[in-house]
Amino acid sequence: MSDNAPSPPESPLIRIRGLHKHFGDLHVLRGVDLDIYRGETVCLLGSSGGGKTVLVKHMVALLEFEEGSVQIDGVELSNLSERALSPIRKKVGMMFQNGALFDSMNVAQNVAFPLVESGITDDTELDRRVREALEIVRLPEQENTMPADLSGGMKKRVALARAIIDRPDCVCYDEPHAGLDPVTADTIDKLIKCLQNDHGITNIVITHDLRSVFRIADRIVFMKDGKVYWQGTCKEMQTSTDPVITQFIAGNDGNGDHWND
């Protein structure tokens, strides 16, 4: 190959083509096409019920495939058995909206849960991995704390530690800012960017918090009527004249005061 020849395009970490999903008569996903590349932070926006969470759940194979293709690192998910899906699921962690912590388990047990489920039983290994994950989310020495004794923001960070304990390539976040005050939401944003910049993790964030979006996103994907309606950078969204985009920003208090934060 010539030294001046263009480099081949990067293969996406996640490649979605023609994805459809029905729940009864409700057609939620209507042929979604989307590529997610390594090391980027992508924010999924759109009105409630637009299919964002359903789309992300297909990325971690939590929903049965109906029509279309989802590939993780070149591997097609729809044809895999549950056993074959296990190593692929480790590539994509999930932080659920409410944290989904087990109330009867302490922090260490909650964070270690994915490792235990995968068959790791060595206590020394589990303790080391838990400590590492809690250090990353800035919750050192909280191993013995029970979920009932944690603040809302701390619960989110424990859930994030659990999502990264298996060292995934990508983490999906379902409304990570929900129920948090602005200061605590800022802490979550800093952790998301830390995972991207310091640990090379790809982030996919479902959120309605435009202040956070304009601070963390490398790319914004706007969904409407079960499809990808628009995608672009923060600057491109801020300057868009598309009436759907401008109406969404206006409806989310996007008056521009925070665009240069």
# chains A, B, ... in the order shown; residues from 1 in each chain; ligands from 1

$ residues_around --residues "Leu62 in chain A" --least-positions-apart "3" --cutoff "12 Å" --atoms "only C-alpha atoms" --output "PyMOL selection string"
chain A and resi 53-59+65+77-78+82+85-86+89+92-94

$ residues_around --residues "Gln142 in chain A" --least-positions-apart "2" --cutoff "10 Å" --atoms "only C-alpha atoms" --output "NGL selection string"
:A and (106-108 or 131 or 134-135 or 138-140 or 144-146 or 150 or 154 or 158)

$ residues_around --residues "range 34-51 of chain A" --least-positions-apart "5" --cutoff "6 Å" --atoms "only C-alpha atoms" --output "number ranges by chain"
A: 12-16, 28-29, 200-206, 217-226

$ write_last_selection --atoms "N, CA and C atoms" --output "mmCIF file, in the first residue's frame"
data_model
loop_
_atom_site.group_PDB
_atom_site.id
_atom_site.type_symbol
_atom_site.label_atom_id
_atom_site.label_comp_id
_atom_site.auth_asym_id
_atom_site.auth_seq_id
_atom_site.Cartn_x
_atom_site.Cartn_y
_atom_site.Cartn_z
ATOM 1 N N PRO A 12 -16.881 0.052 13.419
ATOM 2 C CA PRO A 12 -17.584 0.450 14.647
ATOM 3 C C PRO A 12 -17.523 -0.640 15.707
ATOM 4 N N LEU A 13 -17.495 -0.224 16.960
ATOM 5 C CA LEU A 13 -17.605 -1.183 18.057
ATOM 6 C C LEU A 13 -18.992 -1.810 18.068
ATOM 7 N N ILE A 14 -20.008 -0.972 17.843
ATOM 8 C CA ILE A 14 -21.395 -1.449 17.769
ATOM 9 C C ILE A 14 -21.974 -0.997 16.437
ATOM 10 N N ARG A 15 -22.548 -1.940 15.715
ATOM 11 C CA ARG A 15 -23.133 -1.652 14.400
ATOM 12 C C ARG A 15 -24.579 -2.159 14.395
ATOM 13 N N ILE A 16 -25.508 -1.252 14.168
ATOM 14 C CA ILE A 16 -26.939 -1.579 14.195
ATOM 15 C C ILE A 16 -27.530 -1.277 12.819
ATOM 16 N N VAL A 28 -42.126 0.157 18.356
ATOM 17 C CA VAL A 28 -41.229 1.056 19.078
ATOM 18 C C VAL A 28 -40.002 1.422 18.245
ATOM 19 N N LEU A 29 -39.314 0.426 17.725
ATOM 20 C CA LEU A 29 -38.174 0.672 16.841
ATOM 21 C C LEU A 29 -38.591 0.379 15.410
ATOM 22 N N GLY A 200 -10.399 4.507 28.351
ATOM 23 C CA GLY A 200 -10.717 4.127 26.976
ATOM 24 C C GLY A 200 -12.098 3.532 26.779
ATOM 25 N N ILE A 201 -13.005 3.799 27.710
ATOM 26 C CA ILE A 201 -14.339 3.206 27.625
ATOM 27 C C ILE A 201 -15.243 4.054 26.739
ATOM 28 N N THR A 202 -15.996 3.396 25.891
ATOM 29 C CA THR A 202 -17.016 4.035 25.076
ATOM 30 C C THR A 202 -18.267 4.217 25.927
ATOM 31 N N ASN A 203 -18.883 5.391 25.853
ATOM 32 C CA ASN A 203 -20.063 5.691 26.655
ATOM 33 C C ASN A 203 -21.269 5.957 25.759
ATOM 34 N N ILE A 204 -22.402 5.352 26.114
ATOM 35 C CA ILE A 204 -23.677 5.618 25.448
ATOM 36 C C ILE A 204 -24.645 6.061 26.538
ATOM 37 N N VAL A 205 -25.072 7.317 26.477
ATOM 38 C CA VAL A 205 -25.805 7.933 27.574
ATOM 39 C C VAL A 205 -27.199 8.351 27.120
ATOM 40 N N ILE A 206 -28.234 7.751 27.727
ATOM 41 C CA ILE A 206 -29.605 8.219 27.531
ATOM 42 C C ILE A 206 -29.869 9.278 28.592
ATOM 43 N N ALA A 217 -20.839 15.105 25.544
ATOM 44 C CA ALA A 217 -21.057 14.358 24.303
ATOM 45 C C ALA A 217 -20.020 14.689 23.236
ATOM 46 N N ASP A 218 -19.485 13.670 22.598
ATOM 47 C CA ASP A 218 -18.742 13.838 21.357
ATOM 48 C C ASP A 218 -19.702 13.847 20.173
ATOM 49 N N ARG A 219 -20.811 13.100 20.337
ATOM 50 C CA ARG A 219 -21.815 13.025 19.280
ATOM 51 C C ARG A 219 -23.182 12.859 19.927
ATOM 52 N N ILE A 220 -24.171 13.523 19.351
ATOM 53 C CA ILE A 220 -25.552 13.428 19.816
ATOM 54 C C ILE A 220 -26.364 12.692 18.760
ATOM 55 N N VAL A 221 -27.159 11.733 19.224
ATOM 56 C CA VAL A 221 -28.065 11.000 18.341
ATOM 57 C C VAL A 221 -29.488 11.285 18.812
ATOM 58 N N PHE A 222 -30.285 11.870 17.945
ATOM 59 C CA PHE A 222 -31.658 12.245 18.294
ATOM 60 C C PHE A 222 -32.618 11.258 17.637
ATOM 61 N N MET A 223 -33.435 10.616 18.481
ATOM 62 C CA MET A 223 -34.387 9.628 17.979
ATOM 63 C C MET A 223 -35.793 10.218 17.944
ATOM 64 N N LYS A 224 -36.516 9.851 16.900
ATOM 65 C CA LYS A 224 -37.900 10.303 16.737
ATOM 66 C C LYS A 224 -38.665 9.226 15.985
ATOM 67 N N ASP A 225 -39.827 8.885 16.516
ATOM 68 C CA ASP A 225 -40.700 7.893 15.872
ATOM 69 C C ASP A 225 -39.977 6.577 15.607
ATOM 70 N N GLY A 226 -39.134 6.167 16.562
ATOM 71 C CA GLY A 226 -38.494 4.868 16.468
ATOM 72 C C GLY A 226 -37.334 4.774 15.498
#

$ atom_distance --atom1 "CA of Gly251 in chain A" --atom2 "CA of His208 in chain A"
10.4 Å

$ atom_distance --atom1 "CA of Asp122 in chain A" --atom2 "CA of Pro87 in chain A"
19.6 Å

$ decode --residues "range 74-142 of chain A" --atoms "C-alpha atoms" --output "PDB file, in the first residue's frame"
ATOM      1  CA  GLY A  74     -18.032  -7.662  14.565  1.00  0.00           C
ATOM      2  CA  VAL A  75     -20.085 -10.434  16.214  1.00  0.00           C
ATOM      3  CA  GLU A  76     -23.775 -10.649  15.293  1.00  0.00           C
ATOM      4  CA  LEU A  77     -25.905 -10.994  18.439  1.00  0.00           C
ATOM      5  CA  SER A  78     -29.227 -12.136  17.047  1.00  0.00           C
ATOM      6  CA  ASN A  79     -28.033 -15.632  16.166  1.00  0.00           C
ATOM      7  CA  LEU A  80     -26.202 -16.417  19.407  1.00  0.00           C
ATOM      8  CA  SER A  81     -27.335 -18.773  22.150  1.00  0.00           C
ATOM      9  CA  GLU A  82     -27.476 -17.569  25.759  1.00  0.00           C
ATOM     10  CA  ARG A  83     -24.191 -19.324  26.439  1.00  0.00           C
ATOM     11  CA  ALA A  84     -22.500 -17.728  23.431  1.00  0.00           C
ATOM     12  CA  LEU A  85     -23.851 -14.296  24.427  1.00  0.00           C
ATOM     13  CA  SER A  86     -22.097 -14.372  27.805  1.00  0.00           C
ATOM     14  CA  PRO A  87     -18.608 -13.242  26.644  1.00  0.00           C
ATOM     15  CA  ILE A  88     -20.149 -10.669  24.289  1.00  0.00           C
ATOM     16  CA  ARG A  89     -22.246  -9.152  27.075  1.00  0.00           C
ATOM     17  CA  LYS A  90     -19.057  -8.569  29.056  1.00  0.00           C
ATOM     18  CA  LYS A  91     -18.021  -6.052  26.405  1.00  0.00           C
ATOM     19  CA  VAL A  92     -20.992  -3.777  27.196  1.00  0.00           C
ATOM     20  CA  GLY A  93     -21.864  -2.807  30.782  1.00  0.00           C
ATOM     21  CA  MET A  94     -25.220  -1.305  31.778  1.00  0.00           C
ATOM     22  CA  MET A  95     -26.036   1.295  34.423  1.00  0.00           C
ATOM     23  CA  PHE A  96     -29.787   1.262  34.990  1.00  0.00           C
ATOM     24  CA  GLN A  97     -31.825   4.364  35.781  1.00  0.00           C
ATOM     25  CA  ASN A  98     -32.635   3.457  39.386  1.00  0.00           C
ATOM     26  CA  GLY A  99     -29.267   1.829  40.059  1.00  0.00           C
ATOM     27  CA  ALA A 100     -30.931  -1.581  40.547  1.00  0.00           C
ATOM     28  CA  LEU A 101     -28.854  -2.391  43.635  1.00  0.00           C
ATOM     29  CA  PHE A 102     -29.732  -5.395  45.762  1.00  0.00           C
ATOM     30  CA  ASP A 103     -30.949  -4.050  49.113  1.00  0.00           C
ATOM     31  CA  SER A 104     -29.872  -7.181  50.997  1.00  0.00           C
ATOM     32  CA  MET A 105     -26.258  -6.949  49.771  1.00  0.00           C
ATOM     33  CA  ASN A 106     -23.616  -4.480  50.884  1.00  0.00           C
ATOM     34  CA  VAL A 107     -21.704  -2.325  48.395  1.00  0.00           C
ATOM     35  CA  ALA A 108     -18.928  -4.854  47.831  1.00  0.00           C
ATOM     36  CA  GLN A 109     -21.392  -7.674  47.195  1.00  0.00           C
ATOM     37  CA  ASN A 110     -23.391  -5.526  44.773  1.00  0.00           C
ATOM     38  CA  VAL A 111     -20.295  -4.484  42.829  1.00  0.00           C
ATOM     39  CA  ALA A 112     -18.870  -8.011  42.741  1.00  0.00           C
ATOM     40  CA  PHE A 113     -22.144  -9.576  41.607  1.00  0.00           C
ATOM     41  CA  PRO A 114     -21.268  -9.796  37.863  1.00  0.00           C
ATOM     42  CA  LEU A 115     -17.938 -11.456  38.656  1.00  0.00           C
ATOM     43  CA  VAL A 116     -19.552 -13.994  40.983  1.00  0.00           C
ATOM     44  CA  GLU A 117     -22.200 -14.743  38.353  1.00  0.00           C
ATOM     45  CA  SER A 118     -19.446 -15.382  35.809  1.00  0.00           C
ATOM     46  CA  GLY A 119     -17.859 -17.965  38.113  1.00  0.00           C
ATOM     47  CA  ILE A 120     -15.093 -16.052  39.888  1.00  0.00           C
ATOM     48  CA  THR A 121     -14.939 -17.290  43.483  1.00  0.00           C
ATOM     49  CA  ASP A 122     -11.457 -16.291  44.662  1.00  0.00           C
ATOM     50  CA  ASP A 123     -12.029 -13.820  47.508  1.00  0.00           C
ATOM     51  CA  THR A 124      -8.684 -12.091  47.003  1.00  0.00           C
ATOM     52  CA  GLU A 125      -9.433 -11.464  43.332  1.00  0.00           C
ATOM     53  CA  LEU A 126     -12.960 -10.279  44.086  1.00  0.00           C
ATOM     54  CA  ASP A 127     -11.774  -7.907  46.813  1.00  0.00           C
ATOM     55  CA  ARG A 128      -9.074  -6.436  44.577  1.00  0.00           C
ATOM     56  CA  ARG A 129     -11.422  -5.884  41.649  1.00  0.00           C
ATOM     57  CA  VAL A 130     -14.094  -4.328  43.880  1.00  0.00           C
ATOM     58  CA  ARG A 131     -11.587  -1.934  45.424  1.00  0.00           C
ATOM     59  CA  GLU A 132     -10.330  -0.922  41.984  1.00  0.00           C
ATOM     60  CA  ALA A 133     -13.860  -0.233  40.714  1.00  0.00           C
ATOM     61  CA  LEU A 134     -14.804   1.758  43.810  1.00  0.00           C
ATOM     62  CA  GLU A 135     -11.626   3.821  43.525  1.00  0.00           C
ATOM     63  CA  ILE A 136     -12.524   4.727  39.945  1.00  0.00           C
ATOM     64  CA  VAL A 137     -15.982   5.985  40.984  1.00  0.00           C
ATOM     65  CA  ARG A 138     -14.451   7.752  44.005  1.00  0.00           C
ATOM     66  CA  LEU A 139     -16.108   5.666  46.697  1.00  0.00           C
ATOM     67  CA  PRO A 140     -13.142   4.169  48.549  1.00  0.00           C
ATOM     68  CA  GLU A 141     -13.689   2.235  51.760  1.00  0.00           C
ATOM     69  CA  GLN A 142     -17.440   1.868  51.227  1.00  0.00           C
TER      70      GLN A 142
END
